[in-house]
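Source file: input35.csv (CSV, C-alpha atoms and all ligand atoms)
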```
chain,number,residue,atom,x,y,z
A,1,MET,CA,-11.7,-14.1,-8.8
A,2,LYS,CA,-10.4,-12.9,-12.1
A,3,THR,CA,-9.5,-9.3,-12.2
A,4,LYS,CA,-12.0,-8.6,-15.0
A,5,GLU,CA,-14.8,-10.1,-13.0
A,6,TYR,CA,-13.7,-8.0,-9.9
A,7,LEU,CA,-13.7,-4.8,-12.0
A,8,ILE,CA,-17.2,-5.6,-13.5
A,9,ASN,CA,-18.7,-6.4,-10.1
A,10,LYS,CA,-16.9,-4.0,-7.8
A,11,GLN,CA,-15.3,-1.2,-9.8
A,12,HIS,CA,-17.9,-0.5,-12.4
A,13,ILE,CA,-16.6,3.0,-13.4
A,14,VAL,CA,-13.0,1.8,-13.8
A,15,TYR,CA,-14.2,-1.1,-15.9
A,16,GLN,CA,-16.2,1.3,-18.1
A,17,VAL,CA,-13.2,3.6,-18.6
A,18,LEU,CA,-10.9,0.7,-19.6
A,19,LYS,CA,-13.6,-0.7,-21.8
A,20,ASN,CA,-14.2,2.5,-23.7
A,21,SER,CA,-10.5,3.2,-24.3
A,22,PHE,CA,-9.6,-0.3,-25.4
A,23,LYS,CA,-12.8,-0.7,-27.5
A,24,ASN,CA,-12.1,2.6,-29.3
A,25,LYS,CA,-8.4,1.9,-29.4
A,26,LYS,CA,-7.7,5.1,-27.5
A,27,THR,CA,-5.2,3.8,-25.0
A,28,SER,CA,-2.7,6.1,-23.4
A,29,HIS,CA,1.1,5.8,-23.0
A,30,ALA,CA,1.2,6.5,-19.3
A,31,TYR,CA,-1.3,5.5,-16.6
A,32,ILE,CA,-1.6,5.9,-12.9
A,33,ILE,CA,-3.8,3.4,-11.2
A,34,SER,CA,-4.5,4.7,-7.8
A,35,GLY,CA,-6.4,3.4,-4.8
A,36,SER,CA,-6.2,3.3,-1.1
A,37,LYS,CA,-4.1,0.8,0.8
A,38,GLY,CA,-5.3,-2.7,0.1
A,39,SER,CA,-7.1,-2.0,-3.1
A,40,PRO,CA,-6.1,-4.1,-6.0
A,41,ILE,CA,-4.1,-1.4,-7.9
A,42,LEU,CA,-1.4,-3.8,-9.0
A,43,ASP,CA,-3.9,-6.5,-10.2
A,44,THR,CA,-5.6,-3.8,-12.2
A,45,ALA,CA,-2.3,-2.6,-13.7
A,46,ILE,CA,-1.5,-6.2,-14.7
A,47,PHE,CA,-4.9,-6.6,-16.3
A,48,LEU,CA,-4.3,-3.4,-18.3
A,49,ALA,CA,-0.9,-4.7,-19.4
A,50,GLN,CA,-2.5,-8.0,-20.4
A,51,SER,CA,-5.1,-6.2,-22.4
A,52,LEU,CA,-2.4,-4.6,-24.4
A,53,VAL,CA,-0.9,-7.9,-25.6
A,54,CYS,CA,-3.7,-10.5,-25.2
A,55,LEU,CA,-4.1,-13.0,-28.0
A,56,ASN,CA,-7.7,-13.7,-27.3
A,57,LYS,CA,-9.3,-10.3,-26.5
A,58,ASP,CA,-13.0,-10.1,-25.7
A,59,GLU,CA,-15.4,-8.0,-27.7
A,60,ASN,CA,-14.2,-4.9,-25.9
A,61,ASN,CA,-10.5,-5.6,-26.6
A,62,LEU,CA,-9.9,-6.5,-23.0
A,63,ALA,CA,-7.7,-9.3,-21.8
A,64,CYS,CA,-8.9,-12.9,-21.5
A,65,GLU,CA,-6.4,-13.5,-18.6
A,66,GLU,CA,-5.8,-17.0,-19.9
A,67,CYS,CA,-4.0,-17.0,-23.2
A,68,ILE,CA,-0.2,-17.6,-23.3
A,69,ASN,CA,0.5,-13.8,-23.4
A,70,CYS,CA,-1.8,-13.1,-20.5
A,71,GLN,CA,-0.1,-15.8,-18.5
A,72,LYS,CA,3.3,-14.6,-19.4
A,73,ILE,CA,2.5,-11.1,-18.1
A,74,LYS,CA,1.1,-12.6,-14.9
A,75,ASN,CA,4.2,-14.6,-14.4
A,76,ASN,CA,6.6,-11.9,-15.4
A,77,ALA,CA,7.8,-14.0,-18.3
A,78,TYR,CA,6.8,-11.7,-21.2
A,79,VAL,CA,10.0,-10.4,-22.6
A,80,ASP,CA,8.9,-6.9,-23.4
A,81,TYR,CA,7.3,-6.4,-20.0
A,82,LYS,CA,8.8,-5.4,-16.7
A,83,LEU,CA,7.3,-5.0,-13.2
A,84,ILE,CA,9.5,-2.8,-11.0
A,85,GLU,CA,8.8,-1.8,-7.4
A,86,GLY,CA,8.9,2.0,-7.0
A,87,VAL,CA,11.4,1.7,-4.1
A,88,ASP,CA,13.8,-0.1,-6.4
A,89,LEU,CA,13.8,2.6,-9.0
A,90,LYS,CA,17.3,3.8,-8.2
A,91,ASN,CA,19.6,5.4,-10.8
A,92,ASP,CA,21.1,2.2,-12.0
A,93,VAL,CA,17.7,0.5,-12.5
A,94,THR,CA,16.5,3.6,-14.4
A,95,LEU,CA,19.5,3.5,-16.7
A,96,ALA,CA,18.9,-0.2,-17.4
A,97,ILE,CA,15.3,0.6,-18.3
A,98,GLN,CA,16.4,3.5,-20.6
A,99,ASP,CA,18.8,1.1,-22.2
A,100,ASP,CA,16.0,-1.3,-22.7
A,101,PHE,CA,13.8,1.4,-24.2
A,102,ASN,CA,16.3,1.9,-27.0
A,103,LYS,CA,16.2,-1.8,-28.0
A,104,SER,CA,13.5,-3.0,-30.3
A,105,SER,CA,10.8,-5.2,-28.9
A,106,VAL,CA,11.2,-8.9,-29.0
A,107,GLU,CA,7.6,-10.3,-28.9
A,108,ASN,CA,5.3,-10.1,-31.9
A,109,GLU,CA,3.0,-7.4,-30.4
A,110,ASP,CA,5.7,-4.8,-30.8
A,111,ILE,CA,5.0,-3.0,-27.5
A,112,LYS,CA,7.0,-2.5,-24.4
A,113,ILE,CA,5.2,-2.3,-21.0
A,114,TYR,CA,6.5,-1.2,-17.7
A,115,ILE,CA,4.7,-1.3,-14.4
A,116,ILE,CA,6.2,0.7,-11.6
A,117,ASN,CA,4.4,-0.4,-8.4
A,118,LEU,CA,3.8,2.4,-5.9
A,119,ILE,CA,5.5,5.3,-7.6
A,120,GLU,CA,5.3,7.5,-4.6
A,121,LYS,CA,8.3,5.6,-3.3
A,122,ALA,CA,10.4,6.2,-6.5
A,123,PRO,CA,12.8,9.1,-6.8
A,124,VAL,CA,11.1,11.9,-8.9
A,125,ALA,CA,14.2,12.3,-11.1
A,126,SER,CA,14.0,8.7,-12.2
A,127,LEU,CA,10.3,9.0,-13.1
A,128,ASN,CA,10.9,12.2,-15.1
A,129,LYS,CA,13.6,10.5,-17.1
A,130,LEU,CA,11.3,7.6,-17.9
A,131,LEU,CA,8.4,9.8,-18.9
A,132,LYS,CA,10.5,11.8,-21.3
A,133,PHE,CA,11.1,8.6,-23.2
A,134,ILE,CA,7.5,7.6,-23.2
A,135,GLU,CA,6.4,10.9,-24.6
A,136,GLU,CA,8.6,10.7,-27.7
A,137,PRO,CA,6.6,10.5,-30.9
A,138,ASN,CA,6.0,7.0,-32.2
A,139,SER,CA,6.9,5.6,-28.8
A,140,ASN,CA,5.7,2.0,-28.4
A,141,ILE,CA,6.3,2.1,-24.7
A,142,VAL,CA,3.5,2.1,-22.2
A,143,ALA,CA,4.1,2.9,-18.5
A,144,ILE,CA,1.6,1.9,-15.9
A,145,PHE,CA,2.2,3.4,-12.4
A,146,THR,CA,0.3,2.4,-9.3
A,147,SER,CA,-0.1,4.5,-6.3
A,148,ASN,CA,-1.7,4.6,-2.8
A,149,SER,CA,-1.6,8.4,-2.7
A,150,VAL,CA,-1.7,10.4,-5.9
A,151,ASP,CA,-1.6,13.5,-3.8
A,152,SER,CA,2.0,12.8,-2.9
A,153,ILE,CA,3.1,12.6,-6.5
A,154,LEU,CA,4.4,15.7,-8.3
A,155,GLN,CA,1.7,17.3,-10.4
A,156,THR,CA,4.1,17.4,-13.4
A,157,ILE,CA,4.1,13.6,-13.4
A,158,VAL,CA,0.4,13.2,-12.7
A,159,SER,CA,-0.5,15.7,-15.5
A,160,ARG,CA,1.3,13.5,-18.0
A,161,CYS,CA,-0.6,10.3,-17.1
A,162,GLN,CA,-4.2,9.1,-17.4
A,163,THR,CA,-5.3,8.5,-13.9
A,164,ILE,CA,-7.7,5.7,-13.1
A,165,THR,CA,-8.9,5.7,-9.5
A,166,LEU,CA,-10.3,2.6,-7.8
A,167,LYS,CA,-13.4,3.2,-5.7
A,168,GLU,CA,-13.0,3.4,-1.9
A,169,PHE,CA,-15.3,1.1,0.0
A,170,MET,CA,-17.1,2.3,3.1
A,171,VAL,CA,-15.6,1.0,6.3
A,172,SER,CA,-19.1,-0.2,7.3
A,173,ASP,CA,-19.5,-2.2,4.1
A,174,LEU,CA,-16.1,-3.8,4.7
A,175,ILE,CA,-17.0,-4.7,8.2
A,176,ASP,CA,-20.4,-6.2,7.2
A,177,TYR,CA,-18.6,-8.4,4.6
A,178,LEU,CA,-16.2,-9.7,7.2
A,179,VAL,CA,-18.8,-10.3,9.9
A,180,ASN,CA,-20.9,-12.2,7.4
A,181,ASN,CA,-17.9,-14.4,6.9
A,182,ASN,CA,-17.7,-15.2,10.6
A,183,VAL,CA,-15.1,-12.7,11.6
A,184,SER,CA,-15.7,-11.0,15.0
A,185,TYR,CA,-16.9,-7.4,14.9
A,186,GLU,CA,-13.8,-6.2,16.7
A,187,ASP,CA,-11.4,-7.8,14.2
A,188,ALA,CA,-13.5,-6.7,11.3
A,189,TRP,CA,-13.5,-3.1,12.6
A,190,LEU,CA,-9.7,-3.1,13.2
A,191,ILE,CA,-8.7,-4.5,9.8
A,192,SER,CA,-11.2,-2.4,7.9
A,193,LYS,CA,-9.7,0.8,9.4
A,194,ILE,CA,-6.3,-0.3,7.9
A,195,SER,CA,-7.0,-1.8,4.5
A,196,ASN,CA,-9.7,-1.1,1.9
A,197,ASN,CA,-10.1,-4.5,0.4
A,198,ALA,CA,-12.8,-6.9,1.6
A,199,GLU,CA,-11.4,-10.1,0.2
A,200,LYS,CA,-7.8,-9.3,1.2
A,201,ASN,CA,-8.9,-8.4,4.7
A,202,LEU,CA,-10.7,-11.7,5.1
A,203,ASP,CA,-7.4,-13.5,4.2
A,204,LEU,CA,-5.5,-11.2,6.6
A,205,VAL,CA,-7.7,-11.9,9.6
A,206,ASN,CA,-7.7,-15.6,9.0
A,207,ASP,CA,-3.9,-15.7,8.9
A,208,VAL,CA,-2.1,-16.7,12.1
A,209,THR,CA,0.0,-13.5,11.9
A,210,PHE,CA,-3.1,-11.4,12.6
A,211,ASN,CA,-3.5,-12.7,16.1
A,212,VAL,CA,0.2,-12.7,16.8
A,213,VAL,CA,0.3,-9.0,15.9
A,214,LYS,CA,-2.9,-8.2,17.7
A,215,ASN,CA,-1.6,-9.8,20.9
A,216,GLN,CA,1.6,-7.8,20.7
A,217,LEU,CA,-0.6,-4.7,20.2
A,218,ALA,CA,-2.6,-5.6,23.3
A,219,ASN,CA,0.6,-5.8,25.4
A,220,SER,CA,2.0,-2.6,23.9
A,221,LEU,CA,-1.2,-0.6,24.6
A,222,LYS,CA,-1.3,-1.9,28.2
A,223,HIS,CA,2.3,-0.7,28.8
A,224,LEU,CA,1.7,2.6,27.0
A,225,GLY,CA,-1.2,3.3,29.3
A,226,ASN,CA,0.7,2.3,32.3
A,227,LYS,CA,4.5,2.5,32.3
A,228,ASN,CA,5.9,3.6,28.9
A,229,ASP,CA,9.4,2.3,29.6
A,230,TYR,CA,7.9,-1.2,29.9
A,231,PHE,CA,6.5,-0.6,26.4
A,232,ILE,CA,10.0,-0.2,25.2
A,233,VAL,CA,11.4,-3.1,27.1
A,234,ASP,CA,8.5,-5.4,26.0
A,235,PHE,CA,8.9,-4.2,22.5
A,236,LEU,CA,12.6,-4.9,22.3
A,237,ILE,CA,12.2,-8.4,23.8
A,238,GLU,CA,8.7,-9.7,22.7
A,239,GLY,CA,8.0,-7.4,19.8
A,240,MET,CA,11.2,-8.2,18.0
A,241,LYS,CA,10.6,-11.9,18.5
A,242,ASN,CA,7.0,-11.9,17.4
A,243,LEU,CA,7.2,-9.5,14.5
A,244,THR,CA,9.7,-11.1,12.2
A,245,GLU,CA,8.4,-10.1,8.8
A,246,ASN,CA,8.3,-6.5,7.5
A,247,SER,CA,4.7,-7.1,6.7
A,248,SER,CA,3.8,-8.0,10.3
A,249,ILE,CA,5.7,-5.0,11.6
A,250,GLU,CA,3.8,-2.8,9.2
A,251,LEU,CA,0.5,-4.4,10.3
A,252,PHE,CA,1.5,-3.7,13.9
A,253,LEU,CA,2.3,-0.1,13.3
A,254,ASP,CA,-1.0,0.3,11.3
A,255,MET,CA,-3.0,-1.1,14.3
A,256,LEU,CA,-1.1,1.0,16.8
A,257,GLU,CA,-1.9,4.1,14.7
A,258,VAL,CA,-5.6,3.2,14.6
A,259,CYS,CA,-5.6,2.9,18.4
A,260,LEU,CA,-3.8,6.1,19.0
A,261,LEU,CA,-6.2,7.9,16.7
A,262,GLU,CA,-9.0,6.5,18.9
A,263,ALA,CA,-7.2,7.9,21.9
A,264,ILE,CA,-7.2,11.4,20.2
A,265,ILE,CA,-10.9,11.1,19.6
A,266,LYS,CA,-11.4,10.2,23.2
A,267,GLN,CA,-9.5,13.3,24.3
A,268,GLU,CA,-12.0,15.4,22.4
A,269,ASP,CA,-15.1,13.3,23.2
A,270,LYS,CA,-15.0,11.6,26.6
A,271,GLU,CA,-18.1,9.6,25.8
A,272,HIS,CA,-16.4,8.0,22.8
A,273,LYS,CA,-16.0,4.2,23.2
A,274,SER,CA,-13.4,2.4,21.1
A,275,VAL,CA,-14.5,-0.9,19.5
A,276,ILE,CA,-11.4,-2.6,20.8
A,277,PHE,CA,-9.0,-2.1,23.7
A,278,ASP,CA,-11.3,0.6,25.1
A,279,GLU,CA,-9.8,0.5,28.6
A,280,GLN,CA,-6.2,0.8,27.5
A,281,ILE,CA,-7.0,3.5,25.0
A,282,SER,CA,-8.8,5.5,27.7
A,283,LYS,CA,-5.6,5.4,29.8
A,284,ILE,CA,-3.5,6.5,26.9
A,285,SER,CA,-5.8,9.3,26.1
A,286,GLU,CA,-5.5,10.6,29.7
A,287,LYS,CA,-1.8,10.1,30.0
A,288,TYR,CA,-0.3,11.8,26.9
A,289,GLN,CA,-0.5,15.4,25.8
A,290,HIS,CA,0.6,15.0,22.2
A,291,ILE,CA,-0.6,11.8,20.8
A,292,ASP,CA,-0.4,13.3,17.3
A,293,HIS,CA,3.4,13.5,17.7
A,294,MET,CA,3.6,9.8,18.5
A,295,ILE,CA,1.5,9.1,15.3
A,296,ASP,CA,4.0,11.3,13.4
A,297,ASP,CA,6.9,9.1,14.6
A,298,ILE,CA,5.0,5.9,13.7
A,299,THR,CA,4.3,7.3,10.2
A,300,LYS,CA,7.9,8.1,9.7
A,301,ALA,CA,8.9,4.5,10.8
A,302,LYS,CA,6.4,3.1,8.3
A,303,ILE,CA,7.9,5.1,5.5
A,304,ASP,CA,11.4,3.9,6.4
A,305,LEU,CA,10.2,0.3,6.5
A,306,LEU,CA,8.6,0.7,3.0
A,307,SER,CA,11.9,1.9,1.6
A,308,ASN,CA,13.4,-1.4,2.8
A,309,ALA,CA,15.4,0.0,5.7
A,310,ASN,CA,16.7,-2.4,8.2
A,311,LYS,CA,13.9,-3.2,10.6
A,312,ASN,CA,16.1,-3.1,13.8
A,313,LEU,CA,17.4,0.3,12.9
A,314,VAL,CA,13.8,1.6,12.1
A,315,PHE,CA,12.7,0.4,15.5
A,316,ASP,CA,15.6,1.8,17.4
A,317,LYS,CA,14.9,5.2,15.8
A,318,LEU,CA,11.2,4.9,16.5
A,319,LEU,CA,11.7,4.0,20.2
A,320,ILE,CA,14.3,6.8,20.7
A,321,ASN,CA,11.9,9.3,19.1
A,322,LEU,CA,9.1,8.2,21.3
A,323,LEU,CA,11.3,8.2,24.4
A,324,ARG,CA,12.5,11.7,23.5
A,325,ARG,CA,8.9,12.8,23.5
A,326,TRP,CA,8.0,11.1,26.8
A,327,GLU,CA,11.1,11.8,28.9
A,328,PRO,CA,12.9,14.8,27.5
A,329,TRP,CA,14.9,15.1,30.7
A,330,ILE,CA,16.5,11.6,30.2
A,331,MET,CA,17.6,12.5,26.7
A,332,LYS,CA,19.1,15.8,28.0
A,333,ILE,CA,21.2,13.9,30.7
A,334,GLN,CA,22.4,11.4,28.1
A,335,MET,CA,23.5,14.3,25.8
B,401,ZN,ZN,-5.3,-13.2,-23.1
```
Would you mind giving the structure from this file in structure tokens?
Ligand SMILES: [Zn+2]
Amino acid sequence: MKTKEYLINKQHIVYQVLKNSFKNKKTSHAYIISGSKGSPILDTAIFLAQSLVCLNKDENNLACEECINCQKIKNNAYVDYKLIEGVDLKNDVTLAIQDDFNKSSVENEDIKIYIINLIEKAPVASLNKLLKFIEEPNSNIVAIFTSNSVDSILQTIVSRCQTITLKEFMVSDLIDYLVNNNVSYEDAWLISKISNNAEKNLDLVNDVTFNVVKNQLANSLKHLGNKNDYFIVDFLIEGMKNLTENSSIELFLDMLEVCLLEAIIKQEDKEHKSVIFDEQISKISEKYQHIDHMIDDITKAKIDLLSNANKNLVFDKLLINLLRRWEPWIMKIQM
């Protein structure tokens, strides 16, 4: 589906905002496109960039997504356009961009566009440096930031950008969509707790990785509810073998987090039944005192993974942190 079509059908308010500003030629110099994990924030940012340089704009001045300029943007081939991952925005990259700002534009449209994907992962100092340039009078630079959590961005940065927020979909709607596309209710529930994008979730559950990760999760939960040192051994042997890509590790940690949250709910409400792995989750809920601390450790590991840390080191750290919580006496003897 084309992004414009998606926006018209699923993100009507966002579409109206873009339409009004482009139609009235009141575009901004800095945008934040925000949305929860899985929502097409980057696609929307790219569509916005295309709308700035499209050669065949529609009646609202929005991109056709087909002309040569639109295609160049999509394929990262437009000279005055750069797509940078927030995590990569280290000092040298920032300096290179600043250097680029000072050069005149090459393409006919006389505009320079930068997308920084997931700015919450970028150093604040780098972002401030870039924004200073953009705010200069007569600047022909447009910065489009995307974010999964605007709350974690400094207010001084947010206040200098126009924020466009993609709508959240209800988990029940996401589940219905997947079930109508022949996904089991259990799988639909699990993935919809993790990612807020119906189409992307459908691709995810139909990918072989999903079942590999889910099987690893089943083993891990079984060990966690039984003997937690088996969890560590199984993870080091089987987990490391099965979860080879950073994306599959992230999916695993997301799924584990969902199940641990279910265990916390069970601690508060004994009648609560989890949609999947109910038996294992019950055991976990009875066995551990501070499941919230385990979730903290997992969240930290996910942040480390996102900043491209070495996955083996991330796991060693995660397992040591968990072990320290479970068996404090072991750690004391070792020290
Ligand atoms: Zn176009």
Legend entry - Pick from A:Ala263, A:Ile320, A:Leu256, A:Ala301 nearest to Ile232 of chain A, counting all atoms listed in the file: A:Ile320
Inset, instruction - Please identify all polymer residues within 8 Å of segment 306-318 of chain A, counting all atoms listed in the file, omitting same-chain residues fewer than 5 positions from it, and present them as a PyMOL selection string. - result: chain A and resi 87+121+246+297-298+301
Could you give me, as CSV, a per-residue list for chain A showing, wherever an atom lies at most 12 Å from an atom of ligand ZN 401 (chain B), the closest pair of atoms and their distance in Å to one decimal, using all atoms listed in the file and sorting by chain then residue number from low to high?
```
residue,atom,partner,partner_atom,distance
A:Lys4,CA,B:ZN401,ZN,11.5
A:Ile46,CA,B:ZN401,ZN,11.6
A:Phe47,CA,B:ZN401,ZN,9.5
A:Leu48,CA,B:ZN401,ZN,11.0
A:Ala49,CA,B:ZN401,ZN,10.3
A:Gln50,CA,B:ZN401,ZN,6.5
A:Ser51,CA,B:ZN401,ZN,7.0
A:Leu52,CA,B:ZN401,ZN,9.2
A:Val53,CA,B:ZN401,ZN,7.3
A:Cys54,CA,B:ZN401,ZN,3.8
A:Leu55,CA,B:ZN401,ZN,5.0
A:Asn56,CA,B:ZN401,ZN,4.9
A:Lys57,CA,B:ZN401,ZN,6.0
A:Asp58,CA,B:ZN401,ZN,8.7
A:Asn61,CA,B:ZN401,ZN,9.9
A:Leu62,CA,B:ZN401,ZN,8.1
A:Ala63,CA,B:ZN401,ZN,4.8
A:Cys64,CA,B:ZN401,ZN,4.0
A:Glu65,CA,B:ZN401,ZN,4.6
A:Glu66,CA,B:ZN401,ZN,5.0
A:Cys67,CA,B:ZN401,ZN,4.0
A:Ile68,CA,B:ZN401,ZN,6.7
A:Asn69,CA,B:ZN401,ZN,5.8
A:Cys70,CA,B:ZN401,ZN,4.4
A:Gln71,CA,B:ZN401,ZN,7.4
A:Lys72,CA,B:ZN401,ZN,9.5
A:Ile73,CA,B:ZN401,ZN,9.5
A:Lys74,CA,B:ZN401,ZN,10.4
```
Legend entry - Computed interatomic separation between atom CA of Thr146 of chain A and atom CA of Ile119 of chain A (Å): 6.2 Å
Legend entry - Atomic separation - atom CA of Cys259 of chain A relative to atom CA of Leu243 of chain A, Å: 18.2 Å
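Residues within 8 Å of Leu130 of chain A, counting all atoms listed in the file and excluding same-chain residues fewer than 3 positions away, are Thr94, Gln98, Ser126, Leu127, Phe133 and Ile134 of chain A.
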Inset, instruction - Take atom CA of Ala198 of chain A and atom CA of Val258 of chain A and report the distance between them in Å, one decimal. - result: 18.0 Å
Legend entry - Best match for closeness to Phe231 of chain A among A:Val179, A:Ile153, A:Ala218, A:Ile144, counting all atoms listed in the file: A:Ala218
